[in-house]
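In what follows, a structure is listed as structure tokens, so that the remarks can point back to it.
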Amino acid sequence: MRVLGIESSCDETGVALVDASGDGVPALLAHALHSQISMHQAYGGVVPELASRDHIRRVLPLTREVLASAGLSLADVDVIAYTQGPGLAGALLVGAGVAASLGAALDRPVMGIHHLEGHLLSPFLSADPPEFPFVALLVSGGHTQLMRVDDVGSYELLGETIDDAAGEAFDKSAKLLGLPYPGGPHLSKLAEQGSPEAFALPRPLLHSGKPDFSFAGLKTAVLTQVRKLEAQPGGITERQRADLAASTQAAIVEVLVKKAMLALKETGLKRLVVAGGVGANRQLREQLNAICEKRRIRVHYPELHLCTDNGAMIALAAALRLQRDMATLTRGGGFEVKPRWDLSQLASASQL
Ligand code: KG4
Ligand code: ZN
């Protein structure tokens with residue numbers, strides 16, 4: 001069974017093909033990605049209309065590229081999966097429309113996948129795949145959540161952010177420091193030259209006793225610091241920018257690590273899966289690795305190139321659902337997108 005996956009929820013067009021023959025972990029046959037980062041950079045953030053138009057331009061050439069590198073043709077595809085939500089409505093409609101059209105033309109079933117389910121299952125494509133159950137720390141540009149995952153489709157929300165996501169905190173702070181979009185990787189690079197203790201930045205809800213998060217106050221604190229430093233004679237120095245970047249990263253990482261540990265303690269689970277774009281952050285990985293080793297907790301990450309949005313995670317999530325007879329399949333060309341969609345509300349088993 002070969003599944004074609006299409007991701008178009010935000011600013012990356014991803015297409016991938018996985019093989020889900022048998023009961024083993026599905027194998028990634030090929031994947032291709034086009035990032036729109038350089039296109040949106042001039043605007044300091046994603047411009048939804050431009051994103052949709054670019055997805056239209058990229059999705060079919062990427063599909064051809066994936067099929068060619070797998071040495072297969074469209075006729076070899078058994079199921080077409082696409083990101084149904086959450087995400088930008090116009091961007092999602094591109095992937096959904098293409099998937100439905102391919103499904104109708106090839107007479108193959110089509111499957112809508114939850115973007116976050118894709119992220120949290122993506123470590124199954126790594127060399128060190130996890131086993132159920134586990135706690136998932138989902139840290140992306142739009143979401144920061146801790147979930148208890150007992151199996152594919154069984155997601156219990158333990159806690160989430162009450163305002164900004166961790167990726168948003170990275171991106172907004174980076175913007176204040178004059179770094180290009182998306183700020184996370186740039187801020188993290190600048191932080192390498194700075195001291196994480198230079199500025200005492202807030203860690204909201206750190207001691208709330210619950211696995212919840214709040215990052216909006218951090219961005220305000222960074223803004224206040226930047227204004228103060230810019231007002232000094234000569235303005236903000238390179239050293240101060242690096243110090244502020246390192247201190248911001250330290251605040252975000254400390255909160256993420258502490259709350260992940262709290263969720264593990266509350267559930268009694270000994271396995272952690274980290275997914276989403278912020279999961280690529282080196283400091284976060286180093287600190288999680290250190291504390292998890294001490295506490296005898298196994299920690300799993302997606303391959304670095306599969307941390308941010310991609311088609312492989314969508315094809316994989318579809319394949320894992322198909323293997324468990326948990327797929328919601330549609331035929332005949334109709335499609336629907338869900339720009340807002342709660343992962344814990346995801347139906348675990350329905351076959352149409
Ligand atoms: O999962 P993702 O690709 O897209 C969403 O679904 O949101 O995550 C993108 C987010 C952005 O906020 C980006 O700045 C952040 O992940 N990110 C990072 C790093 N790489 C990506 N944040 C911190 N450090 C990184 N190395
Ligand atoms: Zn994502």
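Here, A, B, ... name the chains of the structure tokens in the order displayed, residue numbers run from 1 inside each chain, and ligands are numbered from 1 in the same displayed order.
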Please identify every polymer residue within 6 Å of ligand 1, using only C-alpha atoms and all ligand atoms, and present the set as a ChimeraX atom specification. /A:140-142,167-168,170-171,182-185,188,276-278,280-281,308-309
Let's have the selection written as a compact mmCIF listing (two decimals), in the first residue's frame, with all heavy atoms.
```
# COMPACT_ATOMS: atom_id res chain seq x y z
N SER A 140 5.44 24.03 17.90
CA SER A 140 5.56 24.55 16.54
C SER A 140 5.33 26.06 16.56
O SER A 140 5.29 26.68 17.61
CB SER A 140 4.54 23.85 15.65
OG SER A 140 3.25 24.29 15.97
N GLY A 141 5.17 26.62 15.36
CA GLY A 141 4.94 28.06 15.28
C GLY A 141 3.55 28.45 15.76
O GLY A 141 3.32 29.57 16.20
N GLY A 142 2.61 27.51 15.69
CA GLY A 142 1.23 27.84 16.07
C GLY A 142 0.75 27.12 17.31
O GLY A 142 -0.29 27.47 17.87
N GLY A 167 7.12 28.64 19.31
CA GLY A 167 7.72 29.10 18.05
C GLY A 167 7.44 30.59 17.81
O GLY A 167 8.29 31.34 17.33
N GLU A 168 6.23 30.99 18.21
CA GLU A 168 5.84 32.40 18.08
C GLU A 168 6.72 33.26 19.00
O GLU A 168 7.12 34.37 18.61
CB GLU A 168 4.39 32.49 18.54
CG GLU A 168 3.48 33.32 17.72
CD GLU A 168 2.05 33.19 18.23
OE1 GLU A 168 1.66 32.14 18.80
OE2 GLU A 168 1.32 34.18 18.07
N PHE A 170 9.77 32.60 19.93
CA PHE A 170 11.07 32.68 19.25
C PHE A 170 10.99 33.71 18.12
O PHE A 170 11.84 34.59 17.99
CB PHE A 170 11.45 31.32 18.65
CG PHE A 170 12.28 30.46 19.56
CD1 PHE A 170 11.76 29.33 20.17
CD2 PHE A 170 13.63 30.76 19.78
CE1 PHE A 170 12.54 28.53 21.01
CE2 PHE A 170 14.42 29.97 20.61
CZ PHE A 170 13.86 28.86 21.21
N ASP A 171 9.94 33.60 17.29
CA ASP A 171 9.84 34.44 16.10
C ASP A 171 9.64 35.91 16.45
O ASP A 171 10.27 36.80 15.85
CB ASP A 171 8.70 33.96 15.19
CG ASP A 171 8.96 32.58 14.62
OD1 ASP A 171 10.12 32.11 14.69
OD2 ASP A 171 8.03 31.95 14.10
N PRO A 182 11.90 33.06 9.40
CA PRO A 182 11.34 32.81 10.72
C PRO A 182 12.46 32.86 11.75
O PRO A 182 13.53 32.28 11.57
CB PRO A 182 10.77 31.40 10.60
CG PRO A 182 11.61 30.74 9.56
CD PRO A 182 12.18 31.82 8.66
N GLY A 183 12.18 33.56 12.84
CA GLY A 183 13.25 33.93 13.76
C GLY A 183 13.90 32.82 14.56
O GLY A 183 15.04 32.95 14.99
N GLY A 184 13.15 31.71 14.79
CA GLY A 184 13.65 30.66 15.68
C GLY A 184 15.09 30.25 15.40
O GLY A 184 15.97 30.41 16.27
N PRO A 185 15.38 29.75 14.21
CA PRO A 185 16.76 29.31 13.94
C PRO A 185 17.78 30.45 13.99
O PRO A 185 18.91 30.24 14.44
CB PRO A 185 16.69 28.74 12.52
CG PRO A 185 15.25 28.62 12.17
CD PRO A 185 14.45 29.43 13.11
N SER A 188 18.44 31.35 17.63
CA SER A 188 19.21 30.27 18.24
C SER A 188 20.68 30.37 17.84
O SER A 188 21.59 30.12 18.65
CB SER A 188 18.56 28.97 17.79
OG SER A 188 19.38 27.92 17.93
N GLY A 276 7.57 19.06 16.09
CA GLY A 276 7.27 20.44 15.68
C GLY A 276 8.57 21.21 15.49
O GLY A 276 9.64 20.80 15.96
N GLY A 277 8.47 22.33 14.76
CA GLY A 277 9.65 23.09 14.36
C GLY A 277 10.62 23.42 15.48
O GLY A 277 11.85 23.33 15.30
N VAL A 278 10.11 23.79 16.66
CA VAL A 278 10.99 24.17 17.77
C VAL A 278 11.78 22.96 18.28
O VAL A 278 12.83 23.10 18.92
CB VAL A 278 10.19 24.87 18.90
CG1 VAL A 278 11.07 25.28 20.06
CG2 VAL A 278 9.45 26.09 18.35
N ALA A 280 13.63 21.33 16.66
CA ALA A 280 14.95 21.37 16.02
C ALA A 280 15.94 22.17 16.86
O ALA A 280 17.15 22.15 16.58
CB ALA A 280 14.83 22.00 14.63
N ASN A 281 15.46 22.86 17.87
CA ASN A 281 16.35 23.73 18.66
C ASN A 281 17.39 22.92 19.43
O ASN A 281 17.05 22.00 20.19
CB ASN A 281 15.50 24.56 19.62
CG ASN A 281 16.33 25.57 20.38
OD1 ASN A 281 16.82 25.30 21.47
ND2 ASN A 281 16.51 26.73 19.77
N THR A 308 10.41 20.40 10.96
CA THR A 308 9.51 21.43 10.44
C THR A 308 8.55 20.77 9.44
O THR A 308 8.65 19.58 9.16
CB THR A 308 10.30 22.58 9.80
OG1 THR A 308 11.30 22.02 8.97
CG2 THR A 308 10.97 23.45 10.84
N ASP A 309 7.63 21.57 8.91
CA ASP A 309 6.56 21.01 8.09
C ASP A 309 7.08 20.23 6.88
O ASP A 309 8.04 20.67 6.23
CB ASP A 309 5.63 22.13 7.61
CG ASP A 309 4.91 22.77 8.78
OD1 ASP A 309 4.95 22.19 9.89
OD2 ASP A 309 4.31 23.83 8.58
```
Among region 82-138 of chain A, which ones does DSSP assign to strand (DSSP E or B) (computed from the backbone)? Answer as a PyMOL selection string. chain A and resi 82-85+110-114+134-138
Just checking: using only C-alpha atoms and all ligand atoms, which residue out of A:Ala68, A:Leu138, A:Leu272, A:Ala51 ends up closest to ligand 2?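 Closest candidate: A:Leu138.
Among the candidate residues A:Leu346, A:Ala290, A:Ala312, A:Leu320, the one lying nearest to Pro26 (chain A) is A:Leu320, with distances computed using only C-alpha atoms.
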If you count only C-alpha atoms, which residues fall within 7 Å of Ala20 (chain A), apart from same-chain ones fewer than 2 positions away, as a PDB file with C-alpha atoms, in the first residue's frame?
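Contents of the output file around.pdb:
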```pdb
ATOM      1  CA  MET A   1       0.000   0.000   0.000  1.00  0.00           C
ATOM      2  CA  ARG A   2       1.572   3.267  -1.113  1.00  0.00           C
ATOM      3  CA  VAL A  18       5.460   6.056   1.944  1.00  0.00           C
ATOM      4  CA  GLY A  22       2.699  -5.247   6.276  1.00  0.00           C
ATOM      5  CA  PRO A  26       5.903   2.484   7.067  1.00  0.00           C
ATOM      6  CA  ALA A  27       8.949   3.213   4.933  1.00  0.00           C
ATOM      7  CA  ALA A 319      -0.260   5.014   6.600  1.00  0.00           C
TER       8      ALA A 319
END
```
Residue nearest Pro133 (chain A) - candidates A:Leu264, A:Met313, A:Ala275, A:Ala169, atoms counted: only C-alpha atoms: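 Looking only at the distances to Pro133 (chain A), the closest residue turns out to be A:Leu264.
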Leu201 (chain A): which residues within 12 Å, counting only C-alpha atoms, same-chain residues fewer than 4 positions away excluded, as number ranges by chain? A: 173, 196-197, 215, 217-225, 243-252, 254-255
Just the selected residues (N, CA, C and O atoms), exported as a short mmCIF file (atom, residue, chain, number, x, y, z; two decimals), in the first residue's frame, please.
```
data_model
loop_
_atom_site.label_atom_id
_atom_site.label_comp_id
_atom_site.auth_asym_id
_atom_site.auth_seq_id
_atom_site.Cartn_x
_atom_site.Cartn_y
_atom_site.Cartn_z
N SER A 173 10.38 37.48 19.33
CA SER A 173 11.58 38.02 20.00
C SER A 173 12.67 38.26 18.96
O SER A 173 13.37 39.27 19.01
N PRO A 196 23.31 33.11 28.50
CA PRO A 196 21.90 32.91 28.85
C PRO A 196 21.51 33.56 30.18
O PRO A 196 20.33 33.68 30.49
N GLU A 197 22.54 33.93 30.98
CA GLU A 197 22.22 34.54 32.28
C GLU A 197 22.28 36.07 32.25
O GLU A 197 22.07 36.71 33.26
N PHE A 215 3.59 32.51 26.90
CA PHE A 215 4.81 33.13 26.38
C PHE A 215 4.64 34.60 26.00
O PHE A 215 5.61 35.25 25.59
N GLY A 217 4.11 37.24 27.79
CA GLY A 217 4.83 38.16 28.67
C GLY A 217 6.32 38.22 28.34
O GLY A 217 6.97 39.27 28.52
N LEU A 218 6.84 37.14 27.84
CA LEU A 218 8.26 37.09 27.49
C LEU A 218 8.58 38.06 26.36
O LEU A 218 9.55 38.83 26.41
N LYS A 219 7.71 38.05 25.36
CA LYS A 219 7.89 38.94 24.21
C LYS A 219 7.86 40.41 24.68
O LYS A 219 8.67 41.23 24.24
N THR A 220 6.96 40.73 25.61
CA THR A 220 6.88 42.10 26.14
C THR A 220 8.16 42.45 26.89
O THR A 220 8.68 43.57 26.78
N ALA A 221 8.68 41.49 27.66
CA ALA A 221 9.92 41.73 28.40
C ALA A 221 11.09 41.96 27.45
O ALA A 221 11.95 42.83 27.70
N VAL A 222 11.12 41.21 26.37
CA VAL A 222 12.20 41.39 25.37
C VAL A 222 12.06 42.77 24.74
O VAL A 222 13.05 43.50 24.57
N LEU A 223 10.84 43.16 24.44
CA LEU A 223 10.60 44.49 23.84
C LEU A 223 11.10 45.60 24.77
O LEU A 223 11.79 46.53 24.34
N THR A 224 10.77 45.47 26.05
CA THR A 224 11.20 46.48 27.04
C THR A 224 12.72 46.57 27.08
O THR A 224 13.30 47.66 27.08
N GLN A 225 13.38 45.40 27.09
CA GLN A 225 14.85 45.37 27.14
C GLN A 225 15.46 46.01 25.88
O GLN A 225 16.39 46.80 25.96
N ASP A 243 23.45 38.40 23.90
CA ASP A 243 23.06 38.08 25.28
C ASP A 243 21.55 37.98 25.42
O ASP A 243 21.02 37.09 26.09
N LEU A 244 20.86 38.92 24.78
CA LEU A 244 19.40 38.93 24.88
C LEU A 244 18.82 37.71 24.14
O LEU A 244 17.86 37.09 24.63
N ALA A 245 19.41 37.36 23.02
CA ALA A 245 18.96 36.16 22.30
C ALA A 245 19.17 34.91 23.17
O ALA A 245 18.27 34.08 23.30
N ALA A 246 20.34 34.82 23.79
CA ALA A 246 20.64 33.64 24.62
C ALA A 246 19.70 33.59 25.83
O ALA A 246 19.24 32.51 26.24
N SER A 247 19.42 34.75 26.42
CA SER A 247 18.54 34.79 27.60
C SER A 247 17.11 34.45 27.22
O SER A 247 16.39 33.79 27.99
N THR A 248 16.68 34.89 26.04
CA THR A 248 15.32 34.57 25.58
C THR A 248 15.20 33.07 25.35
O THR A 248 14.25 32.42 25.80
N GLN A 249 16.18 32.51 24.64
CA GLN A 249 16.16 31.07 24.36
C GLN A 249 16.16 30.28 25.67
O GLN A 249 15.41 29.31 25.82
N ALA A 250 16.97 30.74 26.64
CA ALA A 250 17.06 30.03 27.92
C ALA A 250 15.70 30.03 28.63
O ALA A 250 15.30 29.01 29.22
N ALA A 251 14.99 31.15 28.56
CA ALA A 251 13.68 31.25 29.23
C ALA A 251 12.69 30.28 28.58
O ALA A 251 11.99 29.53 29.26
N ILE A 252 12.65 30.26 27.25
CA ILE A 252 11.70 29.38 26.54
C ILE A 252 12.04 27.91 26.81
O ILE A 252 11.18 27.11 27.17
N GLU A 254 13.79 26.57 29.27
CA GLU A 254 13.58 26.14 30.66
C GLU A 254 12.11 25.79 30.91
O GLU A 254 11.81 24.77 31.52
N VAL A 255 11.22 26.63 30.41
CA VAL A 255 9.80 26.36 30.61
C VAL A 255 9.39 25.06 29.90
O VAL A 255 8.72 24.21 30.49
#
```
